[in-house]
Amino acid sequence: MKHLSLAFFLPQTCKFAGTFEVVQIGLDPEYMMKAQPLAQITTPDAAKSMYKPREKFSHKGDYGHVLTMAGSKGKMGAAVLSSGAALNMGAGKVTAYVPEHGNHILQNSLPEVMTISSNGTDFITDFDHDLEDYTLCIGPGLSTGDDVRHAFAKAISQQTQPVVIDADGLNILSDHKEYWKLIPENSILTPHDGELERLIGNWKDDYDRLEKAQKLSTDKDVILVLKGAHTIVVSGKNLYINDTGNPGMATAGSGDVLSGIITGLLAQKYDALTAAVFGVFLHGRAGDIASQTYAHEGLKASIISNFVGAAILDLFRPEQQQQQ
């Protein structure tokens, strides 16, 4: 078993690690097996064990129905990307709840996705849709106006199973703390550092950032996906470090794809923590495989999404044949 320093994976310190080799220094193996690590790295073998193969006699109803509540004027691409990623991850059905002006964009971009449209520029205040039978992804490109905020609260309040909250959904939540009580336990929040800062406040260093994220996760009973070069999933005091992905994934819409992937897994009845950890791994692996064809500078979010299936197949190739 290899034991690495957490500092090797944090933004402020990993740049000083350089190339390293793990060697045995004589620590007691029994002690090391029992010692609680600061974090766990998601290995390909661990990811492979998370995968649930499909039954031969199954149908689309067995794989869940995702609802992406996303998009606003000028940001309909976020709805397309999150909805498309949920499909690519295997959700049986996907519906996008979008402003009326975005309906044609969704239908033309993703003929497999159904839509529910509002009657206004963004989301109408008298939001009255029944969303209990969906697995909800809310926030990508959503905007934060009053009508959107009311729709956000009503949609969240209908949920009993974990939801995925991203982007403007997180911004609404940071501005309206009263909405925390509406969020189902084990819901998954996917902030980048700017959104995280609005949720937990400033931090003095990367370790302080993790401690504050752990406190929020524990206090609110949610799972945090801290996006970055080594995305870290925070579940209470437990940390799960991802080691897939590359700099080409630092591109607009990559986070929307991740939120769709995780929601697609939730819809297929993966438990929330597995959906977060496995989804992050596959997202990064898809980017790695895509980067064998596309230079980092040419790696668009939609390309990452289209390689999710390849990332799953890669789990089951012999180690010597796996794409580097």
# chains A, B, ... in the order shown; residues from 1 in each chain; ligands from 1
>>> closest_atom_pairs(of="range 215-245 of chain A", to="range 257-268 of chain A", cutoff="12 Å", atoms="only C-alpha atoms", output="JSON lines")
{"residue": "A:Ile223", "atom": "CA", "partner": "A:Ile262", "partner_atom": "CA", "distance": 11.8}
{"residue": "A:Leu224", "atom": "CA", "partner": "A:Ser259", "partner_atom": "CA", "distance": 11.9}
{"residue": "A:Val225", "atom": "CA", "partner": "A:Ser259", "partner_atom": "CA", "distance": 9.8}
{"residue": "A:Leu226", "atom": "CA", "partner": "A:Leu258", "partner_atom": "CA", "distance": 11.7}
{"residue": "A:Lys227", "atom": "CA", "partner": "A:Leu258", "partner_atom": "CA", "distance": 9.6}
{"residue": "A:Gly228", "atom": "CA", "partner": "A:Leu258", "partner_atom": "CA", "distance": 11.9}
{"residue": "A:Thr231", "atom": "CA", "partner": "A:Leu258", "partner_atom": "CA", "distance": 11.1}
{"residue": "A:Gly245", "atom": "CA", "partner": "A:Leu258", "partner_atom": "CA", "distance": 11.9}
>>> closest_atom_pairs(of="range 149-179 of chain A", to="range 54-68 of chain A", cutoff="12 Å", atoms="only C-alpha atoms", output="tab-separated table")
residue	atom	partner	partner_atom	distance
A:Phe152	CA	A:Thr68	CA	11.7
A:Ala155	CA	A:Leu67	CA	10.5
A:Ile156	CA	A:Leu67	CA	11.9
A:Gln159	CA	A:Leu67	CA	11.7
A:Val163	CA	A:Leu67	CA	10.0
A:Val164	CA	A:Thr68	CA	9.4
A:Ile165	CA	A:Thr68	CA	10.1
A:Asp166	CA	A:Thr68	CA	10.7
A:Gly169	CA	A:Thr68	CA	11.7
>>> write_last_selection(atoms="N, CA, C and O atoms", output="PDB file, in the first residue's frame")
ATOM      1  N   PHE A 152     -36.053  28.090  -7.459  1.00  0.00           N
ATOM      2  CA  PHE A 152     -35.034  27.262  -6.805  1.00  0.00           C
ATOM      3  C   PHE A 152     -35.572  26.702  -5.483  1.00  0.00           C
ATOM      4  O   PHE A 152     -35.491  25.506  -5.213  1.00  0.00           O
ATOM      5  N   ALA A 155     -38.406  24.149  -6.064  1.00  0.00           N
ATOM      6  CA  ALA A 155     -37.909  22.890  -6.625  1.00  0.00           C
ATOM      7  C   ALA A 155     -37.186  22.067  -5.561  1.00  0.00           C
ATOM      8  O   ALA A 155     -37.411  20.859  -5.434  1.00  0.00           O
ATOM      9  N   ILE A 156     -36.320  22.705  -4.791  1.00  0.00           N
ATOM     10  CA  ILE A 156     -35.570  22.004  -3.753  1.00  0.00           C
ATOM     11  C   ILE A 156     -36.502  21.441  -2.682  1.00  0.00           C
ATOM     12  O   ILE A 156     -36.314  20.324  -2.189  1.00  0.00           O
ATOM     13  N   GLN A 159     -37.930  17.910  -3.053  1.00  0.00           N
ATOM     14  CA  GLN A 159     -37.034  16.753  -3.141  1.00  0.00           C
ATOM     15  C   GLN A 159     -36.879  16.038  -1.799  1.00  0.00           C
ATOM     16  O   GLN A 159     -36.762  16.682  -0.755  1.00  0.00           O
ATOM     17  N   VAL A 163     -29.870  15.900  -4.200  1.00  0.00           N
ATOM     18  CA  VAL A 163     -29.852  16.682  -5.427  1.00  0.00           C
ATOM     19  C   VAL A 163     -28.423  17.159  -5.671  1.00  0.00           C
ATOM     20  O   VAL A 163     -27.570  17.114  -4.781  1.00  0.00           O
ATOM     21  N   VAL A 164     -28.154  17.625  -6.890  1.00  0.00           N
ATOM     22  CA  VAL A 164     -26.871  18.224  -7.234  1.00  0.00           C
ATOM     23  C   VAL A 164     -27.081  19.722  -7.420  1.00  0.00           C
ATOM     24  O   VAL A 164     -27.952  20.141  -8.192  1.00  0.00           O
ATOM     25  N   ILE A 165     -26.306  20.521  -6.698  1.00  0.00           N
ATOM     26  CA  ILE A 165     -26.421  21.978  -6.770  1.00  0.00           C
ATOM     27  C   ILE A 165     -25.097  22.541  -7.258  1.00  0.00           C
ATOM     28  O   ILE A 165     -24.040  22.270  -6.674  1.00  0.00           O
ATOM     29  N   ASP A 166     -25.154  23.338  -8.315  1.00  0.00           N
ATOM     30  CA  ASP A 166     -23.944  23.869  -8.939  1.00  0.00           C
ATOM     31  C   ASP A 166     -24.133  25.346  -9.259  1.00  0.00           C
ATOM     32  O   ASP A 166     -25.265  25.857  -9.266  1.00  0.00           O
ATOM     33  N   GLY A 169     -26.944  28.031  -8.488  1.00  0.00           N
ATOM     34  CA  GLY A 169     -27.650  27.427  -7.366  1.00  0.00           C
ATOM     35  C   GLY A 169     -26.877  27.624  -6.070  1.00  0.00           C
ATOM     36  O   GLY A 169     -27.461  27.903  -5.016  1.00  0.00           O
TER      37      GLY A 169
END
>>> closest_residue(among="A:Pro140, A:Val222, A:Glu319, A:Ile304", to="Ala78 in chain A", atoms="only C-alpha atoms")
A:Pro140
>>> closest_residue(among="A:Ala151, A:Leu173, A:Ala167, A:Leu273", to="Glu185 in chain A", atoms="only C-alpha atoms")
A:Leu273
>>> select_by_dssp(residues="range 35-274 of chain A", states="alpha helix (DSSP H)", output="PyMOL selection string")
chain A and resi 44-50+76-88+103-109+146-157+168-175+193-200+206-220+254-267+272-274
>>> select_by_dssp(residues="range 195-303 of chain A", states="strand (DSSP E)", output="ChimeraX atom specification")
/A:223-226,232-235,238-241
>>> atom_distance(atom1="CA of Val148 in chain A", atom2="CA of Gln107 in chain A")
21.7 Å
>>> closest_residue(among="A:Ala153, A:Val80, A:Lys93, A:Gln214", to="Ala301 in chain A", atoms="only C-alpha atoms")
A:Val80
>>> residues_around(residues="Lys300 in chain A", least_positions_apart="2", cutoff="9 Å", atoms="only C-alpha atoms", output="list in words")
Gly248, Met249, Thr251, Ala252, Gly253, Ser254, His296, Glu297, Gly298, Ser302, Ile303, Ile304 and Ser305 of chain A
>>> residues_around(residues="Phe9 in chain A", least_positions_apart="6", cutoff="12 Å", atoms="only C-alpha atoms", output="list in words")
Lys15, Phe16, Ala17, Gly18, Leu38, Ala39, Gln40, Ile41, Asp206, Tyr207, Gly228, Ala229, His230, Thr231, Ile232, Leu239, Tyr240, Ile241, Asn242, Asp243 and Thr244 of chain A
>>> atom_distance(atom1="CA of Glu195 in chain A", atom2="CA of Ser217 in chain A")
14.7 Å
>>> atom_distance(atom1="CA of Ala47 in chain A", atom2="CA of Ala286 in chain A")
13.3 Å
>>> residues_around(residues="range 306-317 of chain A", least_positions_apart="5", cutoff="7 Å", atoms="only C-alpha atoms", output="ChimeraX atom specification")
/A:44,48,88-89,282-283,285-286,290,322
>>> closest_residue(among="A:Met69, A:Arg149, A:Leu189, A:Gly90", to="Tyr134 in chain A", atoms="only C-alpha atoms")
A:Met69
>>> decode(residues="range 132-175 of chain A", atoms="N, CA and C atoms", output="PDB file, in the first residue's frame")
ATOM      1  N   GLU A 132     -41.219  15.665  -7.994  1.00  0.00           N
ATOM      2  CA  GLU A 132     -40.879  14.615  -7.034  1.00  0.00           C
ATOM      3  C   GLU A 132     -40.278  13.382  -7.692  1.00  0.00           C
ATOM      4  N   ASP A 133     -40.603  13.114  -8.944  1.00  0.00           N
ATOM      5  CA  ASP A 133     -40.156  11.881  -9.588  1.00  0.00           C
ATOM      6  C   ASP A 133     -38.863  12.044 -10.377  1.00  0.00           C
ATOM      7  N   TYR A 134     -38.228  13.183 -10.246  1.00  0.00           N
ATOM      8  CA  TYR A 134     -36.981  13.443 -10.958  1.00  0.00           C
ATOM      9  C   TYR A 134     -35.788  13.390 -10.011  1.00  0.00           C
ATOM     10  N   THR A 135     -34.604  13.187 -10.590  1.00  0.00           N
ATOM     11  CA  THR A 135     -33.344  13.420  -9.893  1.00  0.00           C
ATOM     12  C   THR A 135     -32.849  14.778 -10.355  1.00  0.00           C
ATOM     13  N   LEU A 136     -32.726  15.703  -9.426  1.00  0.00           N
ATOM     14  CA  LEU A 136     -32.576  17.114  -9.779  1.00  0.00           C
ATOM     15  C   LEU A 136     -31.119  17.564  -9.805  1.00  0.00           C
ATOM     16  N   CYS A 137     -30.771  18.242 -10.893  1.00  0.00           N
ATOM     17  CA  CYS A 137     -29.527  19.001 -11.007  1.00  0.00           C
ATOM     18  C   CYS A 137     -29.922  20.455 -11.221  1.00  0.00           C
ATOM     19  N   ILE A 138     -29.524  21.337 -10.323  1.00  0.00           N
ATOM     20  CA  ILE A 138     -30.003  22.706 -10.382  1.00  0.00           C
ATOM     21  C   ILE A 138     -28.850  23.699 -10.254  1.00  0.00           C
ATOM     22  N   GLY A 139     -28.832  24.685 -11.162  1.00  0.00           N
ATOM     23  CA  GLY A 139     -27.873  25.763 -11.010  1.00  0.00           C
ATOM     24  C   GLY A 139     -27.051  26.175 -12.206  1.00  0.00           C
ATOM     25  N   PRO A 140     -26.633  25.276 -13.102  1.00  0.00           N
ATOM     26  CA  PRO A 140     -25.749  25.708 -14.189  1.00  0.00           C
ATOM     27  C   PRO A 140     -26.369  26.809 -15.054  1.00  0.00           C
ATOM     28  N   GLY A 141     -25.698  27.956 -15.122  1.00  0.00           N
ATOM     29  CA  GLY A 141     -26.160  29.057 -15.955  1.00  0.00           C
ATOM     30  C   GLY A 141     -27.516  29.603 -15.583  1.00  0.00           C
ATOM     31  N   LEU A 142     -27.937  29.421 -14.347  1.00  0.00           N
ATOM     32  CA  LEU A 142     -29.331  29.657 -13.964  1.00  0.00           C
ATOM     33  C   LEU A 142     -29.678  31.134 -13.804  1.00  0.00           C
ATOM     34  N   SER A 143     -28.731  31.969 -13.401  1.00  0.00           N
ATOM     35  CA  SER A 143     -28.918  33.357 -12.970  1.00  0.00           C
ATOM     36  C   SER A 143     -29.496  33.380 -11.554  1.00  0.00           C
ATOM     37  N   THR A 144     -29.625  34.558 -10.973  1.00  0.00           N
ATOM     38  CA  THR A 144     -29.969  34.631  -9.551  1.00  0.00           C
ATOM     39  C   THR A 144     -31.079  35.639  -9.234  1.00  0.00           C
ATOM     40  N   GLY A 145     -31.910  35.986 -10.209  1.00  0.00           N
ATOM     41  CA  GLY A 145     -32.990  36.936  -9.971  1.00  0.00           C
ATOM     42  C   GLY A 145     -34.049  36.397  -9.028  1.00  0.00           C
ATOM     43  N   ASP A 146     -34.982  37.260  -8.638  1.00  0.00           N
ATOM     44  CA  ASP A 146     -36.011  36.862  -7.674  1.00  0.00           C
ATOM     45  C   ASP A 146     -36.860  35.706  -8.177  1.00  0.00           C
ATOM     46  N   ASP A 147     -37.243  35.735  -9.479  1.00  0.00           N
ATOM     47  CA  ASP A 147     -38.074  34.653 -10.004  1.00  0.00           C
ATOM     48  C   ASP A 147     -37.328  33.324  -9.970  1.00  0.00           C
ATOM     49  N   VAL A 148     -36.032  33.391 -10.295  1.00  0.00           N
ATOM     50  CA  VAL A 148     -35.208  32.183 -10.256  1.00  0.00           C
ATOM     51  C   VAL A 148     -35.066  31.678  -8.822  1.00  0.00           C
ATOM     52  N   ARG A 149     -34.842  32.611  -7.915  1.00  0.00           N
ATOM     53  CA  ARG A 149     -34.679  32.241  -6.509  1.00  0.00           C
ATOM     54  C   ARG A 149     -35.918  31.528  -5.977  1.00  0.00           C
ATOM     55  N   HIS A 150     -37.103  32.042  -6.288  1.00  0.00           N
ATOM     56  CA  HIS A 150     -38.338  31.402  -5.831  1.00  0.00           C
ATOM     57  C   HIS A 150     -38.491  30.009  -6.444  1.00  0.00           C
ATOM     58  N   ALA A 151     -38.161  29.893  -7.733  1.00  0.00           N
ATOM     59  CA  ALA A 151     -38.243  28.590  -8.386  1.00  0.00           C
ATOM     60  C   ALA A 151     -37.251  27.609  -7.771  1.00  0.00           C
ATOM     61  N   PHE A 152     -36.053  28.090  -7.459  1.00  0.00           N
ATOM     62  CA  PHE A 152     -35.034  27.262  -6.805  1.00  0.00           C
ATOM     63  C   PHE A 152     -35.572  26.702  -5.483  1.00  0.00           C
ATOM     64  N   ALA A 153     -36.132  27.574  -4.659  1.00  0.00           N
ATOM     65  CA  ALA A 153     -36.635  27.152  -3.350  1.00  0.00           C
ATOM     66  C   ALA A 153     -37.767  26.138  -3.493  1.00  0.00           C
ATOM     67  N   LYS A 154     -38.676  26.381  -4.419  1.00  0.00           N
ATOM     68  CA  LYS A 154     -39.810  25.466  -4.597  1.00  0.00           C
ATOM     69  C   LYS A 154     -39.353  24.118  -5.133  1.00  0.00           C
ATOM     70  N   ALA A 155     -38.406  24.149  -6.064  1.00  0.00           N
ATOM     71  CA  ALA A 155     -37.909  22.890  -6.625  1.00  0.00           C
ATOM     72  C   ALA A 155     -37.186  22.067  -5.561  1.00  0.00           C
ATOM     73  N   ILE A 156     -36.320  22.705  -4.791  1.00  0.00           N
ATOM     74  CA  ILE A 156     -35.570  22.004  -3.753  1.00  0.00           C
ATOM     75  C   ILE A 156     -36.502  21.441  -2.682  1.00  0.00           C
ATOM     76  N   SER A 157     -37.519  22.209  -2.343  1.00  0.00           N
ATOM     77  CA  SER A 157     -38.419  21.795  -1.263  1.00  0.00           C
ATOM     78  C   SER A 157     -39.220  20.546  -1.625  1.00  0.00           C
ATOM     79  N   GLN A 158     -39.332  20.219  -2.914  1.00  0.00           N
ATOM     80  CA  GLN A 158     -40.072  19.027  -3.343  1.00  0.00           C
ATOM     81  C   GLN A 158     -39.226  17.755  -3.278  1.00  0.00           C
ATOM     82  N   GLN A 159     -37.930  17.910  -3.053  1.00  0.00           N
ATOM     83  CA  GLN A 159     -37.034  16.753  -3.141  1.00  0.00           C
ATOM     84  C   GLN A 159     -36.879  16.038  -1.799  1.00  0.00           C
ATOM     85  N   THR A 160     -36.864  14.724  -1.853  1.00  0.00           N
ATOM     86  CA  THR A 160     -36.580  13.917  -0.664  1.00  0.00           C
ATOM     87  C   THR A 160     -35.265  13.154  -0.825  1.00  0.00           C
ATOM     88  N   GLN A 161     -34.807  12.984  -2.073  1.00  0.00           N
ATOM     89  CA  GLN A 161     -33.546  12.315  -2.357  1.00  0.00           C
ATOM     90  C   GLN A 161     -32.469  13.364  -2.638  1.00  0.00           C
ATOM     91  N   PRO A 162     -31.191  12.983  -2.563  1.00  0.00           N
ATOM     92  CA  PRO A 162     -30.114  13.952  -2.813  1.00  0.00           C
ATOM     93  C   PRO A 162     -30.239  14.632  -4.171  1.00  0.00           C
ATOM     94  N   VAL A 163     -29.870  15.900  -4.200  1.00  0.00           N
ATOM     95  CA  VAL A 163     -29.852  16.682  -5.427  1.00  0.00           C
ATOM     96  C   VAL A 163     -28.423  17.159  -5.671  1.00  0.00           C
ATOM     97  N   VAL A 164     -28.154  17.625  -6.890  1.00  0.00           N
ATOM     98  CA  VAL A 164     -26.871  18.224  -7.234  1.00  0.00           C
ATOM     99  C   VAL A 164     -27.081  19.722  -7.420  1.00  0.00           C
ATOM    100  N   ILE A 165     -26.306  20.521  -6.698  1.00  0.00           N
ATOM    101  CA  ILE A 165     -26.421  21.978  -6.770  1.00  0.00           C
ATOM    102  C   ILE A 165     -25.097  22.541  -7.258  1.00  0.00           C
ATOM    103  N   ASP A 166     -25.154  23.338  -8.315  1.00  0.00           N
ATOM    104  CA  ASP A 166     -23.944  23.869  -8.939  1.00  0.00           C
ATOM    105  C   ASP A 166     -24.133  25.346  -9.259  1.00  0.00           C
ATOM    106  N   ALA A 167     -23.035  26.031  -9.477  1.00  0.00           N
ATOM    107  CA  ALA A 167     -23.003  27.363 -10.082  1.00  0.00           C
ATOM    108  C   ALA A 167     -23.958  28.342  -9.401  1.00  0.00           C
ATOM    109  N   ASP A 168     -24.926  28.892 -10.152  1.00  0.00           N
ATOM    110  CA  ASP A 168     -25.821  29.898  -9.576  1.00  0.00           C
ATOM    111  C   ASP A 168     -26.710  29.329  -8.484  1.00  0.00           C
ATOM    112  N   GLY A 169     -26.944  28.031  -8.488  1.00  0.00           N
ATOM    113  CA  GLY A 169     -27.650  27.427  -7.366  1.00  0.00           C
ATOM    114  C   GLY A 169     -26.877  27.624  -6.070  1.00  0.00           C
ATOM    115  N   LEU A 170     -25.553  27.521  -6.147  1.00  0.00           N
ATOM    116  CA  LEU A 170     -24.705  27.754  -4.972  1.00  0.00           C
ATOM    117  C   LEU A 170     -24.695  29.228  -4.591  1.00  0.00           C
ATOM    118  N   ASN A 171     -24.710  30.109  -5.591  1.00  0.00           N
ATOM    119  CA  ASN A 171     -24.739  31.539  -5.300  1.00  0.00           C
ATOM    120  C   ASN A 171     -26.044  31.945  -4.628  1.00  0.00           C
ATOM    121  N   ILE A 172     -27.147  31.369  -5.073  1.00  0.00           N
ATOM    122  CA  ILE A 172     -28.429  31.620  -4.410  1.00  0.00           C
ATOM    123  C   ILE A 172     -28.366  31.142  -2.965  1.00  0.00           C
ATOM    124  N   LEU A 173     -27.802  29.969  -2.768  1.00  0.00           N
ATOM    125  CA  LEU A 173     -27.716  29.390  -1.435  1.00  0.00           C
ATOM    126  C   LEU A 173     -26.844  30.234  -0.509  1.00  0.00           C
ATOM    127  N   SER A 174     -25.746  30.772  -1.032  1.00  0.00           N
ATOM    128  CA  SER A 174     -24.866  31.583  -0.194  1.00  0.00           C
ATOM    129  C   SER A 174     -25.511  32.909   0.187  1.00  0.00           C
ATOM    130  N   ASP A 175     -26.418  33.414  -0.664  1.00  0.00           N
ATOM    131  CA  ASP A 175     -27.099  34.683  -0.381  1.00  0.00           C
ATOM    132  C   ASP A 175     -28.354  34.513   0.458  1.00  0.00           C
TER     133      ASP A 175
END
